[in-house]
file start.cif (mmCIF, C-alpha atoms)
data_target
#
loop_
_atom_site.label_atom_id
_atom_site.label_comp_id
_atom_site.auth_asym_id
_atom_site.auth_seq_id
_atom_site.Cartn_x
_atom_site.Cartn_y
_atom_site.Cartn_z
CA MET E 1 -32.63 -72.69 -165.74
CA VAL E 2 -33.45 -69.58 -163.69
CA LEU E 3 -37.01 -68.43 -164.43
CA PHE E 4 -36.94 -65.37 -162.22
CA VAL E 5 -35.62 -63.77 -159.06
CA LYS E 6 -37.95 -61.78 -156.81
CA ILE E 7 -37.44 -59.64 -153.72
CA LEU E 8 -40.50 -60.09 -151.51
CA THR E 9 -42.79 -57.22 -150.57
CA LYS E 10 -44.98 -56.86 -147.51
CA ILE E 11 -48.01 -58.07 -149.52
CA ASP E 12 -46.01 -61.08 -150.78
CA VAL E 13 -45.27 -62.28 -147.23
CA GLU E 14 -48.65 -61.42 -145.72
CA ARG E 15 -51.22 -62.36 -148.37
CA THR E 16 -50.36 -63.70 -151.80
CA LEU E 17 -47.45 -63.78 -154.20
CA SER E 18 -47.76 -62.04 -157.54
CA LEU E 19 -45.27 -63.44 -159.98
CA PRO E 20 -43.33 -61.16 -162.33
CA ASP E 21 -44.57 -60.41 -165.86
CA GLY E 22 -43.69 -63.09 -168.36
CA CYS E 23 -44.00 -66.03 -165.96
CA LEU E 24 -47.09 -67.44 -167.65
CA GLN E 25 -45.02 -68.65 -170.60
CA ALA E 26 -42.50 -70.45 -168.37
CA LEU E 27 -45.00 -72.30 -166.18
CA PRO E 28 -47.29 -75.24 -167.06
CA GLU E 29 -50.01 -74.50 -169.61
CA TYR E 30 -53.44 -73.65 -168.25
CA ARG E 31 -55.52 -74.72 -171.28
CA GLY E 32 -58.73 -72.87 -170.50
CA SER E 33 -58.47 -73.15 -166.74
CA HIS E 34 -58.03 -70.12 -164.48
CA GLY E 35 -55.96 -72.06 -161.98
CA LYS E 36 -53.37 -74.77 -161.65
CA GLU E 37 -51.36 -76.63 -159.04
CA LEU E 38 -47.63 -75.98 -159.19
CA GLN E 39 -45.35 -78.42 -157.40
CA VAL E 40 -42.04 -76.88 -156.33
CA LYS E 41 -39.19 -78.51 -154.42
CA ASP E 42 -37.31 -76.29 -151.98
CA ASP E 43 -33.58 -76.22 -151.29
CA VAL E 44 -33.85 -78.97 -148.64
CA GLY E 45 -36.02 -81.30 -150.74
CA ILE E 46 -39.50 -80.52 -149.35
CA LEU E 47 -42.20 -80.61 -152.04
CA TRP E 48 -44.60 -77.64 -151.87
CA ASN E 49 -47.96 -77.46 -153.65
CA PHE E 50 -48.92 -73.96 -154.72
CA ARG E 51 -52.30 -73.10 -156.25
CA CYS E 52 -51.82 -70.52 -159.00
CA MET E 53 -54.55 -68.28 -160.42
CA ILE E 54 -54.51 -65.97 -163.39
CA ARG E 55 -55.60 -62.43 -162.52
CA ALA E 56 -57.39 -60.83 -165.45
CA GLY E 57 -56.32 -57.48 -166.81
CA VAL E 58 -54.59 -55.78 -169.70
CA VAL E 59 -51.54 -57.91 -168.92
CA PRO E 60 -52.64 -61.16 -167.20
CA LYS E 61 -50.82 -61.73 -163.90
CA LEU E 62 -50.14 -64.98 -162.14
CA ASP E 63 -50.75 -65.14 -158.39
CA ILE E 64 -49.97 -67.96 -155.98
CA VAL E 65 -53.10 -68.03 -153.85
CA SER E 66 -52.71 -71.08 -151.64
CA GLY E 67 -49.77 -72.90 -150.13
CA TRP E 68 -47.64 -69.78 -150.34
CA ILE E 69 -48.32 -68.39 -146.84
CA GLN E 70 -47.50 -71.78 -145.30
CA PHE E 71 -44.19 -71.71 -147.22
CA VAL E 72 -43.47 -68.14 -146.03
CA ARG E 73 -44.13 -69.08 -142.40
CA PHE E 74 -42.13 -72.30 -142.57
CA LYS E 75 -39.14 -70.49 -144.10
CA GLN E 76 -39.68 -67.46 -141.80
CA LEU E 77 -39.52 -65.06 -144.75
CA ASN E 78 -39.83 -61.30 -144.38
CA SER E 79 -40.23 -58.34 -146.67
CA GLY E 80 -36.88 -57.76 -148.36
CA ASP E 81 -36.00 -61.47 -148.47
CA GLY E 82 -36.17 -63.08 -151.86
CA PHE E 83 -36.27 -66.25 -153.87
CA VAL E 84 -35.23 -67.78 -157.15
CA LEU E 85 -37.53 -70.07 -159.15
CA TYR E 86 -35.80 -72.62 -161.38
CA ARG E 87 -37.16 -74.91 -164.07
CA ASP E 88 -35.45 -78.11 -165.17
CA ASP E 89 -36.83 -79.85 -168.25
CA ASP E 90 -36.66 -83.63 -168.45
CA THR E 91 -37.77 -85.37 -171.65
CA LEU E 92 -39.22 -88.31 -169.69
CA THR E 93 -40.87 -86.66 -166.68
CA GLY E 94 -41.48 -83.12 -167.94
CA ALA E 95 -40.69 -79.86 -166.20
CA ARG E 96 -39.61 -79.78 -162.57
CA TYR E 97 -39.52 -76.63 -160.48
CA LYS E 98 -37.24 -75.68 -157.62
CA ILE E 99 -37.31 -72.68 -155.27
CA GLU E 100 -34.36 -71.25 -153.37
CA VAL E 101 -34.75 -68.50 -150.75
CA PHE E 102 -32.28 -65.89 -149.56
CA ARG E 103 -32.34 -63.33 -146.76
CA SER E 104 -32.44 -59.55 -147.21
CA HIS E 105 -28.81 -59.12 -146.10
CA GLU E 106 -27.79 -61.43 -148.98
CA SER E 107 -30.14 -59.99 -151.58
CA SER E 108 -27.98 -57.59 -153.63
CA SER E 109 -25.14 -60.05 -154.25
CA PHE E 110 -27.51 -63.01 -154.64
CA VAL E 111 -29.76 -61.23 -157.15
CA HIS E 112 -26.76 -60.05 -159.17
CA GLN E 113 -25.28 -63.56 -159.23
CA LYS E 114 -28.56 -65.27 -160.21
CA THR E 115 -29.63 -62.75 -162.85
CA ASP E 116 -26.28 -63.23 -164.55
CA LEU E 117 -27.28 -66.89 -164.99
CA ALA E 118 -30.70 -66.14 -166.49
#

call {"tool": "encode", "arguments": {"input": "start.cif", "output": "C-alpha cells"}}
result
Amino acid sequence: MVLFVKILTKIDVERTLSLPDGCLQALPEYRGSHGKELQVKDDVGILWNFRCMIRAGVVPKLDIVSGWIQFVRFKQLNSGDGFVLYRDDDTLTGARYKIEVFRSHESSSFVHQKTDLA
C-alpha cells in the first residue's frame, strides 16, 4: 500500500526529512515516546534504519533525523528527486516498509502513477 509520495526539497536532501501530514497514523505507534526507529527496505533490498522524531506544534510533524542523510548520499538524491513509501501488513510479522526513489526527470509521470494507486 502506498503511504505517500514526496518530491524532495533542498532541506530534505541537506538536513532532515519532514514527512507529509497524516503520516503519524500510518507509521508504528510511539506510545509516549518522542522518537522511534523505522526500518525501511529500499528497491534493491538494503535495510535502512531511520530515527524518527515528532516535532511539536499545532499539527505534530514527523521528521527523520538520523540515517536519512546517509540514504540520500548513497542514492545520490537531489532536490526535485522523489520517493514513495510503502507499507505491507503481515499478520505474523507486522508492518514492513519499503522505499522507492525516482529522479526529477521521472517525477511528474511517476507521481501521477503512484498517487493513482494510493

call {"tool": "residues_around", "arguments": {"input": "start.cif", "residues": "segment 7-14 of chain E", "least_positions_apart": "3", "cutoff": "7 Å", "atoms": "all atoms listed in the file", "output": "PDB file with C-alpha atoms, keeping the file's coordinate frame"}}
result
ATOM      1  CA  LEU E  17     -47.450 -63.780-154.200  1.00  0.00           C
ATOM      2  CA  ILE E  69     -48.320 -68.390-146.840  1.00  0.00           C
ATOM      3  CA  VAL E  72     -43.470 -68.140-146.030  1.00  0.00           C
ATOM      4  CA  LEU E  77     -39.520 -65.060-144.750  1.00  0.00           C
ATOM      5  CA  ASN E  78     -39.830 -61.300-144.380  1.00  0.00           C
ATOM      6  CA  SER E  79     -40.230 -58.340-146.670  1.00  0.00           C
ATOM      7  CA  GLY E  80     -36.880 -57.760-148.360  1.00  0.00           C
ATOM      8  CA  ASP E  81     -36.000 -61.470-148.470  1.00  0.00           C
ATOM      9  CA  GLY E  82     -36.170 -63.080-151.860  1.00  0.00           C
ATOM     10  CA  PHE E  83     -36.270 -66.250-153.870  1.00  0.00           C
TER      11      PHE E  83
END

call {"tool": "residues_around", "arguments": {"input": "start.cif", "residues": "Met53 of chain E", "least_positions_apart": "2", "cutoff": "9 Å", "atoms": "all atoms listed in the file", "output": "list in words"}}
result
Ser33, His34, Gly35, Lys36, Arg51, Arg55, Lys61, Leu62, Asp63, Ile64 and Val65 of chain E

call {"tool": "atom_distance", "arguments": {"input": "start.cif", "atom1": "atom CA of Phe4 of chain E", "atom2": "atom CA of Leu92 of chain E"}}
result
24.2 Å

call {"tool": "resolve_selection", "arguments": {"input": "start.cif", "expression": "the PyMOL selection byres ((chain E and resi 85) around 6)", "output": "ChimeraX atom specification"}}
result
/E:3-4,84,86,98-99

call {"tool": "residues_near_point", "arguments": {"input": "start.cif", "point": "(-51.1, -73.2, -149.0)", "cutoff": "12 Å", "atoms": "only C-alpha atoms", "output": "list in words"}}
result
Arg15, Thr16, Leu17, Glu37, Leu38, Gln39, Leu47, Trp48, Asn49, Phe50, Arg51, Cys52, Ile64, Val65, Ser66, Gly67, Trp68, Ile69, Gln70, Phe71, Val72, Arg73 and Phe74 of chain E

call {"tool": "atom_distance", "arguments": {"input": "start.cif", "atom1": "atom CA of Gly94 of chain E", "atom2": "atom CA of Val44 of chain E"}}
result
21.2 Å

call {"tool": "atom_distance", "arguments": {"input": "start.cif", "atom1": "atom CA of Arg87 of chain E", "atom2": "atom CA of Val2 of chain E"}}
result
6.5 Å

call {"tool": "closest_residue", "arguments": {"input": "start.cif", "among": "E:His105, E:Glu100, E:Asp43, E:Met1", "to": "Asp88 of chain E", "atoms": "only C-alpha atoms"}}
result
E:Met1
